[in-house]
Amino acid sequence: MRRIVSILFVLLILCTTISFANENGYITMTMDNEEVKFSTVSLTIDNELITSDVPPVIYNERTLVPLRIIAENLGANLNWNGKTKEVLIMSGSNKIILSIDSENAVVNGNEKLLDDHGTTAKLIDNRTMVPLRFVAEELGVDVKWNGETRTVALTKPVIITPKVDEDTNVVHEIKVNMVNGFPEVRVKADKELKYNVFELIDRDKILPDRLVFDFQNTLFYLENQGILGENKTLSLGFENSILNELRASQFSIDPLTTRLVLEMSETLDYKVSFDEDTKEMIIRFVNIVRSVKASYQNTKEVIIIEGDNIDNYNVIRLSNPERLVVDIKGAYLYTGDKEFNFNVDGNVAKRVRVAEFEPDHHYEPDDKIVRIVIDLQDREEFEEFKFEVEGNRLIVHLEGEPFSYFNYEEVSWITSELLFRGRPGVRFEVDKDIKSNTINIIVPKSRMNMEFSNIAIDDHLIKNIVVDEEYDDKNYMIKVELNNQVSHRVISPSRGRNLVLELNTNTSQREKLIAIDIGHGGRDPGAISRIKNMKESDIILDVGHRLNRLLLNAGFRTIMTREDDTFIPLFERAEIANAVNADLFISIHANSVVNPLIHGVENLFYPSERNPEDNRNNRKLAEIFQRVMVDYLGAHDRGIFARPNLVVTRETEMPAIITEIGYLSNPAEEAKLATDEYRQRVAESLFNSILAYFQAMELN
């Protein structure tokens with residue numbers, strides 16, 4: 001502990017009244033070279049009457065007292081400058097400069113008006129008389145006036161010495177820097193600060209959100225006391241979109257606590273660290289990359305990167321092998337891990353790898369970078385990559401410019417709209433070939449900008465769209481091949497420049513919503529394989545995405561509890577499925593035990609038959625999954641197991657299972673689960689199990 005600082009706190013003490021200072025209550029003294037009759041008042045300090053050869057008097061409706069009273073009774077030091085007629089009053093960290101006949105004072109470097117009555121310090125009978133209320137209150141002294149007895153009662157602050165020991169810390173300085181467009185709060189102390197932190201969130205949005213740090217066993221004693229305001233509080237305002245105001249003060253003496261309050265205009269994630277060299281605690285409001293996922297927009301493949309400040313990025317193109325690199329600058333990963341990856345197996349992207357990147361020669365050593373590496377498919381040519389910032393998302397278009405004259409959009413879970421934009425005066429001819437289940441569209445070449453020749457959509461409505469440019473000299477033939485049980489109708493005006501087709505499916509699959517729960521994630525990697533050090537969370541995420549694609553292509557609706565390497569609490573997983581009223585809940589996991597010989601697949605279920613309030617047939621679901629998976633994968637049959645205390649199957653409201661797709665502790669199954677081929681077969685086995693379950697339910 002470098003030094004121990006006494007902290008002043010005002011404790012109110014009941015005041016008593018006393019008699020007048022003289023009998024008639026008036027005195028004549030010299031001021032400004034004139035004889036002036038003053039009304040006198042009595043003065044008490046801590047209930048004791050204060051006497052002086054020059055009494056306190058009323059001037060301009062304000063009480064003036066001899067400066068000597070301040071010095072002798074309030075523990076202040078004085079310095080009188082006869083040339084400038086200024087008096088310096090010092091008490092603890094307070095410095096007050098008063099000038100004779102001036103309405104302003106300088107308090108800790110800041111100019112203040114004494115009051116709105118024009119009160120000034122005066123020379124009376126060659127004695128310096130100062131405004132009592134202003135000086136006393138600036139020194140932390142309580143002032144009360146009793147009009148009946150004409151008494152001013154002062155209560156001095158009581159000095160409390162805080163309990164300090166060798167572990168006591170001291171805050172010396174607090175400052176805020178802007179780094180990459182984000183505020184960075186630095187708190188300088190003797191050593192690393194111990195703290196509690198909590199958020200104050202106003203759900204009604206009447207008050208701003210606040211982030212509060214309580215520094216334990218810590219004195220608040222800034223080296224520059226002049227920047228403190230009332231009650232020894234540091235208050236700093238800012239003009240940025242994140243931090244509005246910073247306040248800091250000594251929150252309590254017992255326990256000894258310094259409180260830092262950050263008033264936020266936008267709630268962001270933050271990271272706390274301590275710099276041993278500068279002895280500063282650093283609170284960084286950071287740009288978080290929250291999600292990276294593969295998707296399709298209007299039939300074209302995209303990678304979507306979501307974050308707080310996503311438009312600050314660099315792009316690098318690398319070859320051998322082909323890669324596209326996107327660096328998000330000034331950023332951290334939301335996931336607890338420093339890296340994660342997932343397979344895509346799309347038209348362009350093969351795999352995506354995401355990591356917090358150690359800056360190389362392209363960046364400064366302290367730069368924070370999240371690097372997204374998109375491993376590309378083995379092909380000779382690629383469309384020009386396009387980048388689009390849309391709100392908090394960076395969309396990487398992997399197949400060139402988004403379509404302008406074509407749009408395919410889902411409007412409900414059984415209906416989509418297919419739009420072709422023509423030029424003014426266009427006329428579309430539409431008919432359907434029943435045998436091939438194909439919609440044929442004829443449109444003049446002069447009235448249509450054709451942006452593609454073939455699109456393989458392969459979803460629950462459309463197999464593909466093919467453009468026959470050789471149909472004849474003047475017209476294109478656009479062939480839209482539909483899946484079975486898909487109907488269409490033209491919903492655009494016959495004379496309009498756009499053709500809009502409404503597509504509807506009658507398949508029973510569209511009525512079913514499947515919740516795919518990918519276990520673990522983020523800070524919880526699950527089991528780690530023994531030979532290849534693969535994380536369970538990565539393997540099952542890949543299998544889950546493959547299952548999701550199979551279900552969507554078959555016409556099912558799906559929801560995934562996580563789509564990337566994010567930690568989702570167990571109860572929240574069940575809540576996600578319950579909120580959308582899913583028809584089936586499949587939680588995917590991989591197993592691991594000490595014995596490396598154990599292998600095979602197994603399925604776990606909540607024994608609903610033991611709960612009279614639970615009407616689900618979870619056992620039947622587990623039996624079907626176990627049978628289909630064992631047959632399809634040729635895996636060892638480990639059986640099904642009732643588990644009454646597993647949260648995700650117990651708390652869900654629809655039939656639910658946890659499926660264990662293999663043992664990472666078994667070398668043979670670890671080797672299989674490392675391959676794309678086997679992961680695809682596992683996804684297919686789960687897909688077939690879902691089909692078998694619904695078929696069984698229909699028969700029942």
# chains A, B, ... in the order shown; residues from 1 in each chain; ligands from 1
>>> closest_atom_pairs(of="region 202-274 of chain A", to="region 163-168 of chain A", cutoff="8 Å", atoms="only C-alpha atoms", output="Markdown table")
| residue | atom | partner | partner_atom | distance |
| --- | --- | --- | --- | --- |
| A:Asn217 | CA | A:Thr168 | CA | 5.3 |
| A:Thr218 | CA | A:Thr168 | CA | 5.7 |
| A:Leu219 | CA | A:Thr168 | CA | 7.5 |
| A:Ile253 | CA | A:Lys163 | CA | 8.0 |
| A:Asp254 | CA | A:Lys163 | CA | 7.7 |
| A:Leu256 | CA | A:Lys163 | CA | 7.6 |
>>> write_last_selection(atoms="N, CA and C atoms", output="PDB file, in the first residue's frame")
ATOM      1  N   ASN A 217     -12.375  -3.590  -1.518  1.00  0.00           N
ATOM      2  CA  ASN A 217     -11.252  -3.148  -0.689  1.00  0.00           C
ATOM      3  C   ASN A 217     -10.402  -2.111  -1.428  1.00  0.00           C
ATOM      4  N   THR A 218     -11.087  -1.114  -1.976  1.00  0.00           N
ATOM      5  CA  THR A 218     -10.424  -0.134  -2.845  1.00  0.00           C
ATOM      6  C   THR A 218     -10.822   1.281  -2.476  1.00  0.00           C
ATOM      7  N   LEU A 219      -9.820   2.158  -2.274  1.00  0.00           N
ATOM      8  CA  LEU A 219     -10.037   3.583  -2.052  1.00  0.00           C
ATOM      9  C   LEU A 219     -10.134   4.306  -3.384  1.00  0.00           C
ATOM     10  N   ILE A 253     -17.517   2.899   2.847  1.00  0.00           N
ATOM     11  CA  ILE A 253     -16.298   2.777   3.636  1.00  0.00           C
ATOM     12  C   ILE A 253     -16.173   1.393   4.263  1.00  0.00           C
ATOM     13  N   ASP A 254     -17.291   0.857   4.703  1.00  0.00           N
ATOM     14  CA  ASP A 254     -17.279  -0.469   5.322  1.00  0.00           C
ATOM     15  C   ASP A 254     -18.425  -1.298   4.736  1.00  0.00           C
ATOM     16  N   LEU A 256     -14.976  -1.331   2.195  1.00  0.00           N
ATOM     17  CA  LEU A 256     -14.325  -0.306   1.393  1.00  0.00           C
ATOM     18  C   LEU A 256     -14.537  -0.609  -0.088  1.00  0.00           C
TER      19      LEU A 256
END
>>> closest_residue(among="A:Ser273, A:Ser412, A:Asn343, A:Ser249", to="Ala294 (chain A)", atoms="only C-alpha atoms")
A:Asn343
>>> closest_residue(among="A:Thr84, A:Ser102, A:Asn666, A:Asn146", to="Thr44 (chain A)", atoms="only C-alpha atoms")
A:Asn146
>>> closest_residue(among="A:Pro444, A:Pro493, A:Pro569, A:Gly519", to="Ile658 (chain A)", atoms="only C-alpha atoms")
A:Gly519
>>> residues_around(residues="Ser587 (chain A)", least_positions_apart="3", cutoff="7 Å", atoms="only C-alpha atoms", output="PyMOL selection string")
chain A and resi 516-519+657-659
>>> closest_residue(among="A:Val480, A:Ile372, A:Val486, A:Ala121", to="Thr415 (chain A)", atoms="only C-alpha atoms")
A:Val486
>>> select_by_dssp(residues="region 36-139 of chain A", states="alpha helix (DSSP H)", output="PyMOL selection string")
chain A and resi 67-73+132-138
>>> closest_residue(among="A:Ile491, A:Arg549, A:Ile528, A:Val315", to="Gly346 (chain A)", atoms="only C-alpha atoms")
A:Arg549
>>> select_by_dssp(residues="region 430-561 of chain A", states="strand (DSSP E)", output="PyMOL selection string")
chain A and resi 430-433+438-444+454-456+462-468+475-482+486-490+498-505+513-518+557-560
>>> residues_around(residues="region 105-112 of chain A", least_positions_apart="2", cutoff="12 Å", atoms="only C-alpha atoms", output="number ranges by chain")
A: 86-103, 114-116, 119-121, 130-131, 134-135, 137-139, 224-230, 232
>>> residues_around(residues="Asp214 (chain A)", least_positions_apart="4", cutoff="9 Å", atoms="only C-alpha atoms", output="VMD selection string")
chain A and resid 194 to 198 251 257 to 261
